[in-house]
Amino acid sequence: MINEIEEARDFMIKKGVKKPEIAIILGTGLGRLLDEIEIETSIPYTEIPHYPEATVSFHNGSLICGWLAGKKVLVMHGRFHFYEGYSLQQITFPVRVMKSLGIKTLLVSNACGAVNLDFKPASLMIIDDHINMLPGNPLIGNNESKLGPRFVDMSEPYDRLLIEKMQDIAHKNKIPINKGVYVAWTGPSLETRAEYRFIKTMGADVVGMSTVPEVIVARHMGMNVAAVSVITDSCDPDNLQPLNIDDILNNAAKAEKDLIVLFRELIRQI
C-alpha cells in the first residue's frame, strides 16, 4: 500500500499539487464550493494511479487544488462509496494520499436523511459522533505501522475545537445549525420503515452512505477531522414518502450556501 500511496502522491505533485494544507471531501450535490476556490490544478480521478473511478452520475470525479480563504486546499469533487462495489480500503485510499502530501486537517461533507424529525430538510448538522453499520472496517487486515497504530482511539473522532469553531461561525452568520450522530448505511437502496425505526433506536440523528470509512482512516493517520451533513429529506417511518432524487438535490442546493460559509470561515481560522 505504501508504494501505491507514494506513486499517487508523486503523480499529483508532478501535476502541480504543491503543499496543500487542508483537504475537503464534497458530498452529493455539494460542488458549488469550487466557485470560491482559486483553482491551480484539476486532475480527473481516472488519471491518478490506483484511484477508483466515481460511478455516481452526480459525482464529478476530479481532484482540485487551489486557494480558499488564504489557505491551499485539496478538494475531492466526488467521492467513492461502498455500494459502488469498492472495498473500504479503496474508498479510503485518497485519504492516505492526502496525509502523504502533508495534509493535517480533513473537512468532510455529505448528504443525508434525518431520522431526528427536529432536523429539517435543507439544514445542516455538525457531526459530533458516528455509528459504523457498514459490513467491515477499512483498518481490517495487516496494519502498516508507518501509516498508523494497530488500535485507533475513537473517543473523539471529530475534533472538538473544530466543532466549537463551526458552531461559533454559524452563530455569527445566523446559520441554523444542529449537532448530532451520523450512521453509515450500505445503500444503495434506501432504508425501510423498520430500518429507520431501528436507526433512531440505536441513537443516530441522520443516516447516509459515506463519511465513516474516510474518518476512521483519517484518525488512523493522525489527521484532525470535522464533518457536516446536509439534510436533504426527513425519514419518518410513520409517514414515509417515495424517494424523489430531484427534491434531495434541490434541498442540498438550498443548504449548500450555508455549508460554503461554514467551511470557508473555518478554513480561514485553521
# chains A, B, ... in the order shown; residues from 1 in each chain; ligands from 1
$ residues_around --residues "His77 in chain A" --least-positions-apart "3" --cutoff "9 Å" --atoms "only C-alpha atoms" --output "PyMOL selection string"
chain A and resi 24-27+30-31+34+59-64
$ select_by_dssp --residues "range 72-259 of chain A" --states "helix (DSSP H, G or I)" --output "PDB file with N, CA and C atoms, in the first residue's frame"
ATOM      1  N   PHE A  82     -19.214   2.464  -0.731  1.00  0.00           N
ATOM      2  CA  PHE A  82     -19.210   1.005  -0.629  1.00  0.00           C
ATOM      3  C   PHE A  82     -20.186   0.401  -1.633  1.00  0.00           C
ATOM      4  N   TYR A  83     -21.330   1.066  -1.843  1.00  0.00           N
ATOM      5  CA  TYR A  83     -22.346   0.495  -2.733  1.00  0.00           C
ATOM      6  C   TYR A  83     -21.923   0.491  -4.200  1.00  0.00           C
ATOM      7  N   GLU A  84     -20.849   1.208  -4.530  1.00  0.00           N
ATOM      8  CA  GLU A  84     -20.345   1.167  -5.904  1.00  0.00           C
ATOM      9  C   GLU A  84     -19.546  -0.099  -6.186  1.00  0.00           C
ATOM     10  N   LEU A  88     -13.520  -1.081   1.302  1.00  0.00           N
ATOM     11  CA  LEU A  88     -13.329   0.059   2.203  1.00  0.00           C
ATOM     12  C   LEU A  88     -11.913   0.611   2.095  1.00  0.00           C
ATOM     13  N   GLN A  89     -10.961  -0.245   1.744  1.00  0.00           N
ATOM     14  CA  GLN A  89      -9.580   0.212   1.556  1.00  0.00           C
ATOM     15  C   GLN A  89      -9.469   1.090   0.303  1.00  0.00           C
ATOM     16  N   GLN A  90     -10.183   0.717  -0.772  1.00  0.00           N
ATOM     17  CA  GLN A  90     -10.179   1.555  -1.977  1.00  0.00           C
ATOM     18  C   GLN A  90     -10.855   2.893  -1.720  1.00  0.00           C
ATOM     19  N   ILE A  91     -11.962   2.865  -0.993  1.00  0.00           N
ATOM     20  CA  ILE A  91     -12.714   4.085  -0.697  1.00  0.00           C
ATOM     21  C   ILE A  91     -11.846   5.094   0.047  1.00  0.00           C
ATOM     22  N   THR A  92     -10.996   4.601   0.925  1.00  0.00           N
ATOM     23  CA  THR A  92     -10.223   5.477   1.805  1.00  0.00           C
ATOM     24  C   THR A  92      -8.806   5.741   1.309  1.00  0.00           C
ATOM     25  N   PHE A  93      -8.430   5.141   0.186  1.00  0.00           N
ATOM     26  CA  PHE A  93      -7.084   5.349  -0.357  1.00  0.00           C
ATOM     27  C   PHE A  93      -6.770   6.835  -0.553  1.00  0.00           C
ATOM     28  N   PRO A  94      -7.699   7.654  -1.085  1.00  0.00           N
ATOM     29  CA  PRO A  94      -7.386   9.076  -1.251  1.00  0.00           C
ATOM     30  C   PRO A  94      -7.023   9.780   0.052  1.00  0.00           C
ATOM     31  N   VAL A  95      -7.611   9.369   1.162  1.00  0.00           N
ATOM     32  CA  VAL A  95      -7.290   9.996   2.443  1.00  0.00           C
ATOM     33  C   VAL A  95      -5.837   9.714   2.823  1.00  0.00           C
ATOM     34  N   ARG A  96      -5.391   8.518   2.526  1.00  0.00           N
ATOM     35  CA  ARG A  96      -3.990   8.176   2.819  1.00  0.00           C
ATOM     36  C   ARG A  96      -3.037   8.998   1.954  1.00  0.00           C
ATOM     37  N   VAL A  97      -3.420   9.240   0.712  1.00  0.00           N
ATOM     38  CA  VAL A  97      -2.596  10.076  -0.153  1.00  0.00           C
ATOM     39  C   VAL A  97      -2.577  11.519   0.361  1.00  0.00           C
ATOM     40  N   MET A  98      -3.719  11.996   0.838  1.00  0.00           N
ATOM     41  CA  MET A  98      -3.779  13.342   1.416  1.00  0.00           C
ATOM     42  C   MET A  98      -2.762  13.507   2.541  1.00  0.00           C
ATOM     43  N   LYS A  99      -2.728  12.545   3.423  1.00  0.00           N
ATOM     44  CA  LYS A  99      -1.788  12.609   4.538  1.00  0.00           C
ATOM     45  C   LYS A  99      -0.346  12.574   4.034  1.00  0.00           C
ATOM     46  N   SER A 100      -0.104  11.757   3.015  1.00  0.00           N
ATOM     47  CA  SER A 100       1.237  11.670   2.441  1.00  0.00           C
ATOM     48  C   SER A 100       1.685  12.996   1.836  1.00  0.00           C
ATOM     49  N   ARG A 160     -12.975  18.418  18.628  1.00  0.00           N
ATOM     50  CA  ARG A 160     -13.857  19.256  19.436  1.00  0.00           C
ATOM     51  C   ARG A 160     -13.633  20.740  19.179  1.00  0.00           C
ATOM     52  N   LEU A 161     -12.388  21.151  18.992  1.00  0.00           N
ATOM     53  CA  LEU A 161     -12.091  22.557  18.742  1.00  0.00           C
ATOM     54  C   LEU A 161     -12.679  23.004  17.409  1.00  0.00           C
ATOM     55  N   LEU A 162     -12.584  22.156  16.388  1.00  0.00           N
ATOM     56  CA  LEU A 162     -13.159  22.496  15.088  1.00  0.00           C
ATOM     57  C   LEU A 162     -14.681  22.585  15.175  1.00  0.00           C
ATOM     58  N   ILE A 163     -15.279  21.696  15.958  1.00  0.00           N
ATOM     59  CA  ILE A 163     -16.735  21.755  16.158  1.00  0.00           C
ATOM     60  C   ILE A 163     -17.134  23.082  16.805  1.00  0.00           C
ATOM     61  N   GLU A 164     -16.392  23.479  17.824  1.00  0.00           N
ATOM     62  CA  GLU A 164     -16.700  24.739  18.508  1.00  0.00           C
ATOM     63  C   GLU A 164     -16.551  25.927  17.567  1.00  0.00           C
ATOM     64  N   LYS A 165     -15.531  25.887  16.730  1.00  0.00           N
ATOM     65  CA  LYS A 165     -15.335  26.967  15.762  1.00  0.00           C
ATOM     66  C   LYS A 165     -16.514  27.032  14.791  1.00  0.00           C
ATOM     67  N   MET A 166     -16.971  25.869  14.310  1.00  0.00           N
ATOM     68  CA  MET A 166     -18.103  25.855  13.376  1.00  0.00           C
ATOM     69  C   MET A 166     -19.374  26.364  14.037  1.00  0.00           C
ATOM     70  N   GLN A 167     -19.603  26.004  15.287  1.00  0.00           N
ATOM     71  CA  GLN A 167     -20.782  26.498  15.993  1.00  0.00           C
ATOM     72  C   GLN A 167     -20.729  28.017  16.143  1.00  0.00           C
ATOM     73  N   ASP A 168     -19.547  28.532  16.433  1.00  0.00           N
ATOM     74  CA  ASP A 168     -19.386  29.983  16.570  1.00  0.00           C
ATOM     75  C   ASP A 168     -19.598  30.684  15.237  1.00  0.00           C
ATOM     76  N   ILE A 169     -19.061  30.107  14.160  1.00  0.00           N
ATOM     77  CA  ILE A 169     -19.245  30.681  12.819  1.00  0.00           C
ATOM     78  C   ILE A 169     -20.725  30.689  12.446  1.00  0.00           C
ATOM     79  N   ALA A 170     -21.410  29.586  12.721  1.00  0.00           N
ATOM     80  CA  ALA A 170     -22.837  29.502  12.410  1.00  0.00           C
ATOM     81  C   ALA A 170     -23.623  30.560  13.172  1.00  0.00           C
ATOM     82  N   HIS A 171     -23.297  30.733  14.450  1.00  0.00           N
ATOM     83  CA  HIS A 171     -23.990  31.728  15.269  1.00  0.00           C
ATOM     84  C   HIS A 171     -23.768  33.141  14.721  1.00  0.00           C
ATOM     85  N   LYS A 172     -22.519  33.460  14.378  1.00  0.00           N
ATOM     86  CA  LYS A 172     -22.194  34.803  13.901  1.00  0.00           C
ATOM     87  C   LYS A 172     -22.840  35.093  12.550  1.00  0.00           C
ATOM     88  N   ARG A 193     -39.112   1.327   6.504  1.00  0.00           N
ATOM     89  CA  ARG A 193     -39.685   1.942   7.709  1.00  0.00           C
ATOM     90  C   ARG A 193     -39.114   1.297   8.970  1.00  0.00           C
ATOM     91  N   ALA A 194     -39.011  -0.022   8.960  1.00  0.00           N
ATOM     92  CA  ALA A 194     -38.485  -0.725  10.131  1.00  0.00           C
ATOM     93  C   ALA A 194     -37.020  -0.369  10.373  1.00  0.00           C
ATOM     94  N   GLU A 195     -36.259  -0.210   9.287  1.00  0.00           N
ATOM     95  CA  GLU A 195     -34.850   0.156   9.437  1.00  0.00           C
ATOM     96  C   GLU A 195     -34.702   1.569   9.986  1.00  0.00           C
ATOM     97  N   TYR A 196     -35.552   2.495   9.545  1.00  0.00           N
ATOM     98  CA  TYR A 196     -35.495   3.842  10.109  1.00  0.00           C
ATOM     99  C   TYR A 196     -35.809   3.831  11.604  1.00  0.00           C
ATOM    100  N   ARG A 197     -36.756   3.013  12.018  1.00  0.00           N
ATOM    101  CA  ARG A 197     -37.060   2.901  13.455  1.00  0.00           C
ATOM    102  C   ARG A 197     -35.855   2.348  14.210  1.00  0.00           C
ATOM    103  N   PHE A 198     -35.204   1.357  13.606  1.00  0.00           N
ATOM    104  CA  PHE A 198     -34.006   0.765  14.220  1.00  0.00           C
ATOM    105  C   PHE A 198     -32.887   1.794  14.337  1.00  0.00           C
ATOM    106  N   ILE A 199     -32.676   2.574  13.266  1.00  0.00           N
ATOM    107  CA  ILE A 199     -31.621   3.591  13.261  1.00  0.00           C
ATOM    108  C   ILE A 199     -31.865   4.629  14.355  1.00  0.00           C
ATOM    109  N   LYS A 200     -33.119   5.043  14.500  1.00  0.00           N
ATOM    110  CA  LYS A 200     -33.440   6.011  15.544  1.00  0.00           C
ATOM    111  C   LYS A 200     -33.221   5.416  16.925  1.00  0.00           C
ATOM    112  N   THR A 201     -33.584   4.149  17.097  1.00  0.00           N
ATOM    113  CA  THR A 201     -33.420   3.483  18.393  1.00  0.00           C
ATOM    114  C   THR A 201     -31.950   3.350  18.776  1.00  0.00           C
ATOM    115  N   VAL A 212     -17.973   7.704   7.172  1.00  0.00           N
ATOM    116  CA  VAL A 212     -17.372   6.979   8.290  1.00  0.00           C
ATOM    117  C   VAL A 212     -16.052   6.304   7.909  1.00  0.00           C
ATOM    118  N   PRO A 213     -15.956   5.601   6.772  1.00  0.00           N
ATOM    119  CA  PRO A 213     -14.658   4.985   6.448  1.00  0.00           C
ATOM    120  C   PRO A 213     -13.531   6.010   6.326  1.00  0.00           C
ATOM    121  N   GLU A 214     -13.811   7.138   5.657  1.00  0.00           N
ATOM    122  CA  GLU A 214     -12.787   8.164   5.491  1.00  0.00           C
ATOM    123  C   GLU A 214     -12.340   8.738   6.831  1.00  0.00           C
ATOM    124  N   VAL A 215     -13.299   8.922   7.735  1.00  0.00           N
ATOM    125  CA  VAL A 215     -12.965   9.472   9.051  1.00  0.00           C
ATOM    126  C   VAL A 215     -12.117   8.489   9.851  1.00  0.00           C
ATOM    127  N   ILE A 216     -12.450   7.212   9.805  1.00  0.00           N
ATOM    128  CA  ILE A 216     -11.665   6.203  10.515  1.00  0.00           C
ATOM    129  C   ILE A 216     -10.214   6.222  10.046  1.00  0.00           C
ATOM    130  N   VAL A 217     -10.007   6.257   8.729  1.00  0.00           N
ATOM    131  CA  VAL A 217      -8.645   6.248   8.194  1.00  0.00           C
ATOM    132  C   VAL A 217      -7.922   7.561   8.497  1.00  0.00           C
ATOM    133  N   ALA A 218      -8.637   8.672   8.444  1.00  0.00           N
ATOM    134  CA  ALA A 218      -8.019   9.949   8.788  1.00  0.00           C
ATOM    135  C   ALA A 218      -7.533   9.944  10.233  1.00  0.00           C
ATOM    136  N   ARG A 219      -8.328   9.394  11.128  1.00  0.00           N
ATOM    137  CA  ARG A 219      -7.917   9.317  12.528  1.00  0.00           C
ATOM    138  C   ARG A 219      -6.762   8.318  12.697  1.00  0.00           C
ATOM    139  N   HIS A 220      -6.775   7.241  11.920  1.00  0.00           N
ATOM    140  CA  HIS A 220      -5.670   6.272  11.942  1.00  0.00           C
ATOM    141  C   HIS A 220      -4.341   6.949  11.629  1.00  0.00           C
ATOM    142  N   ILE A 245     -35.314  12.011  -6.133  1.00  0.00           N
ATOM    143  CA  ILE A 245     -33.925  12.480  -6.183  1.00  0.00           C
ATOM    144  C   ILE A 245     -33.846  13.966  -6.502  1.00  0.00           C
ATOM    145  N   ASP A 246     -34.801  14.492  -7.274  1.00  0.00           N
ATOM    146  CA  ASP A 246     -34.798  15.930  -7.574  1.00  0.00           C
ATOM    147  C   ASP A 246     -35.004  16.751  -6.312  1.00  0.00           C
ATOM    148  N   ASP A 247     -35.911  16.307  -5.429  1.00  0.00           N
ATOM    149  CA  ASP A 247     -36.120  17.005  -4.159  1.00  0.00           C
ATOM    150  C   ASP A 247     -34.861  16.964  -3.307  1.00  0.00           C
ATOM    151  N   ILE A 248     -34.205  15.817  -3.284  1.00  0.00           N
ATOM    152  CA  ILE A 248     -32.984  15.668  -2.497  1.00  0.00           C
ATOM    153  C   ILE A 248     -31.907  16.625  -2.988  1.00  0.00           C
ATOM    154  N   LEU A 249     -31.695  16.684  -4.296  1.00  0.00           N
ATOM    155  CA  LEU A 249     -30.681  17.575  -4.855  1.00  0.00           C
ATOM    156  C   LEU A 249     -31.057  19.047  -4.657  1.00  0.00           C
ATOM    157  N   ASN A 250     -32.349  19.365  -4.750  1.00  0.00           N
ATOM    158  CA  ASN A 250     -32.796  20.744  -4.514  1.00  0.00           C
ATOM    159  C   ASN A 250     -32.550  21.170  -3.071  1.00  0.00           C
ATOM    160  N   ASN A 251     -32.827  20.284  -2.116  1.00  0.00           N
ATOM    161  CA  ASN A 251     -32.583  20.615  -0.714  1.00  0.00           C
ATOM    162  C   ASN A 251     -31.097  20.740  -0.424  1.00  0.00           C
ATOM    163  N   ALA A 252     -30.293  19.900  -1.075  1.00  0.00           N
ATOM    164  CA  ALA A 252     -28.838  20.019  -0.929  1.00  0.00           C
ATOM    165  C   ALA A 252     -28.373  21.378  -1.432  1.00  0.00           C
ATOM    166  N   ALA A 253     -28.921  21.805  -2.564  1.00  0.00           N
ATOM    167  CA  ALA A 253     -28.536  23.100  -3.138  1.00  0.00           C
ATOM    168  C   ALA A 253     -28.939  24.261  -2.231  1.00  0.00           C
ATOM    169  N   LYS A 254     -30.110  24.161  -1.595  1.00  0.00           N
ATOM    170  CA  LYS A 254     -30.567  25.229  -0.699  1.00  0.00           C
ATOM    171  C   LYS A 254     -29.632  25.378   0.503  1.00  0.00           C
ATOM    172  N   ALA A 255     -29.180  24.264   1.041  1.00  0.00           N
ATOM    173  CA  ALA A 255     -28.324  24.300   2.236  1.00  0.00           C
ATOM    174  C   ALA A 255     -26.864  24.581   1.905  1.00  0.00           C
ATOM    175  N   GLU A 256     -26.508  24.399   0.643  1.00  0.00           N
ATOM    176  CA  GLU A 256     -25.094  24.489   0.265  1.00  0.00           C
ATOM    177  C   GLU A 256     -24.501  25.863   0.527  1.00  0.00           C
ATOM    178  N   LYS A 257     -25.292  26.918   0.362  1.00  0.00           N
ATOM    179  CA  LYS A 257     -24.764  28.265   0.581  1.00  0.00           C
ATOM    180  C   LYS A 257     -24.290  28.438   2.021  1.00  0.00           C
ATOM    181  N   ASP A 258     -25.006  27.821   2.978  1.00  0.00           N
ATOM    182  CA  ASP A 258     -24.590  27.886   4.382  1.00  0.00           C
ATOM    183  C   ASP A 258     -23.359  27.017   4.628  1.00  0.00           C
ATOM    184  N   LEU A 259     -23.300  25.864   3.970  1.00  0.00           N
ATOM    185  CA  LEU A 259     -22.134  24.999   4.102  1.00  0.00           C
ATOM    186  C   LEU A 259     -20.884  25.704   3.590  1.00  0.00           C
TER     187      LEU A 259
END
$ select_by_dssp --residues "range 19-241 of chain A" --states "strand (DSSP E)" --output "ChimeraX atom specification"
/A:22-26,38-44,62-68,71-77,105-114,123-132,177-184,206-208,224-234
$ write_last_selection --atoms "C-alpha atoms" --output "mmCIF file, in the first residue's frame"
data_model
loop_
_atom_site.group_PDB
_atom_site.id
_atom_site.type_symbol
_atom_site.label_atom_id
_atom_site.label_comp_id
_atom_site.auth_asym_id
_atom_site.auth_seq_id
_atom_site.Cartn_x
_atom_site.Cartn_y
_atom_site.Cartn_z
ATOM 1 C CA ILE A 22 -6.370 21.279 4.229
ATOM 2 C CA ALA A 23 -8.363 18.587 2.405
ATOM 3 C CA ILE A 24 -12.087 18.680 1.657
ATOM 4 C CA ILE A 25 -14.358 15.837 0.550
ATOM 5 C CA LEU A 26 -17.526 17.117 -1.136
ATOM 6 C CA GLU A 38 -8.824 29.949 -6.980
ATOM 7 C CA ILE A 39 -8.051 26.741 -8.852
ATOM 8 C CA GLU A 40 -4.446 25.932 -9.736
ATOM 9 C CA THR A 41 -4.780 22.273 -10.734
ATOM 10 C CA SER A 42 -7.614 19.913 -11.684
ATOM 11 C CA ILE A 43 -6.952 16.186 -12.177
ATOM 12 C CA PRO A 44 -9.559 13.605 -13.212
ATOM 13 C CA SER A 62 -11.881 15.108 -10.057
ATOM 14 C CA LEU A 63 -9.238 16.342 -7.645
ATOM 15 C CA ILE A 64 -8.970 20.122 -7.304
ATOM 16 C CA CYS A 65 -6.040 22.029 -5.806
ATOM 17 C CA GLY A 66 -6.120 25.776 -5.196
ATOM 18 C CA TRP A 67 -6.630 28.609 -2.732
ATOM 19 C CA LEU A 68 -9.575 29.211 -0.425
ATOM 20 C CA LYS A 71 -5.126 28.512 2.536
ATOM 21 C CA LYS A 72 -4.004 25.931 -0.016
ATOM 22 C CA VAL A 73 -6.733 23.284 -0.216
ATOM 23 C CA LEU A 74 -7.098 19.922 -1.918
ATOM 24 C CA VAL A 75 -10.697 19.073 -2.805
ATOM 25 C CA MET A 76 -12.234 15.743 -3.771
ATOM 26 C CA HIS A 77 -15.088 16.730 -6.095
ATOM 27 C CA THR A 105 -6.890 18.596 8.589
ATOM 28 C CA LEU A 106 -9.755 16.915 6.733
ATOM 29 C CA LEU A 107 -13.178 18.507 6.235
ATOM 30 C CA VAL A 108 -15.971 16.212 5.068
ATOM 31 C CA SER A 109 -19.465 16.922 3.782
ATOM 32 C CA ASN A 110 -22.285 14.567 2.895
ATOM 33 C CA ALA A 111 -25.963 14.484 2.042
ATOM 34 C CA CYS A 112 -28.154 12.531 4.445
ATOM 35 C CA GLY A 113 -31.678 11.801 5.625
ATOM 36 C CA ALA A 114 -32.877 12.834 9.077
ATOM 37 C CA SER A 123 -30.466 22.432 7.008
ATOM 38 C CA LEU A 124 -27.030 21.465 8.330
ATOM 39 C CA MET A 125 -25.860 19.111 11.067
ATOM 40 C CA ILE A 126 -22.359 19.117 12.515
ATOM 41 C CA ILE A 127 -21.337 15.501 13.074
ATOM 42 C CA ASP A 128 -20.349 15.020 16.688
ATOM 43 C CA ASP A 129 -20.079 11.215 16.546
ATOM 44 C CA HIS A 130 -20.899 8.319 14.245
ATOM 45 C CA ILE A 131 -22.040 4.702 14.106
ATOM 46 C CA ASN A 132 -20.472 2.335 11.575
ATOM 47 C CA ILE A 177 -27.169 24.521 12.908
ATOM 48 C CA ASN A 178 -27.748 21.133 14.507
ATOM 49 C CA LYS A 179 -25.248 18.756 16.069
ATOM 50 C CA GLY A 180 -25.706 15.022 16.233
ATOM 51 C CA VAL A 181 -24.827 11.451 15.331
ATOM 52 C CA TYR A 182 -24.396 10.128 11.788
ATOM 53 C CA VAL A 183 -24.850 6.447 10.900
ATOM 54 C CA ALA A 184 -23.310 4.952 7.758
ATOM 55 C CA VAL A 206 -29.164 11.146 10.435
ATOM 56 C CA VAL A 207 -28.328 8.337 8.022
ATOM 57 C CA GLY A 208 -26.122 8.342 4.933
ATOM 58 C CA ASN A 224 -7.904 16.317 12.576
ATOM 59 C CA VAL A 225 -11.428 15.882 11.219
ATOM 60 C CA ALA A 226 -14.589 17.978 11.011
ATOM 61 C CA ALA A 227 -17.701 16.885 9.142
ATOM 62 C CA VAL A 228 -21.048 18.414 8.228
ATOM 63 C CA SER A 229 -24.168 16.669 6.970
ATOM 64 C CA VAL A 230 -26.560 18.432 4.632
ATOM 65 C CA ILE A 231 -30.039 17.161 5.476
ATOM 66 C CA THR A 232 -31.929 16.504 2.264
ATOM 67 C CA ASP A 233 -35.048 14.707 3.476
ATOM 68 C CA SER A 234 -36.996 13.594 6.544
#
$ atom_distance --atom1 "CA of Ile48 in chain A" --atom2 "CA of Arg79 in chain A"
14.0 Å
$ closest_residue --among "A:Leu190, A:Lys19, A:Pro49, A:Tyr86" --to "Leu240 in chain A" --atoms "only C-alpha atoms"
A:Leu190
$ atom_distance --atom1 "CA of Asn239 in chain A" --atom2 "CA of Ser189 in chain A"
18.1 Å
$ closest_residue --among "A:Tyr51, A:Ala69, A:Asn3, A:Gly136" --to "Leu266 in chain A" --atoms "only C-alpha atoms"
A:Ala69
$ closest_residue --among "A:Ile103, A:Ser87, A:Glu265, A:Pro157" --to "Ile140 in chain A" --atoms "only C-alpha atoms"
A:Ser87
$ atom_distance --atom1 "CA of Ile37 in chain A" --atom2 "CA of Arg264 in chain A"
9.6 Å
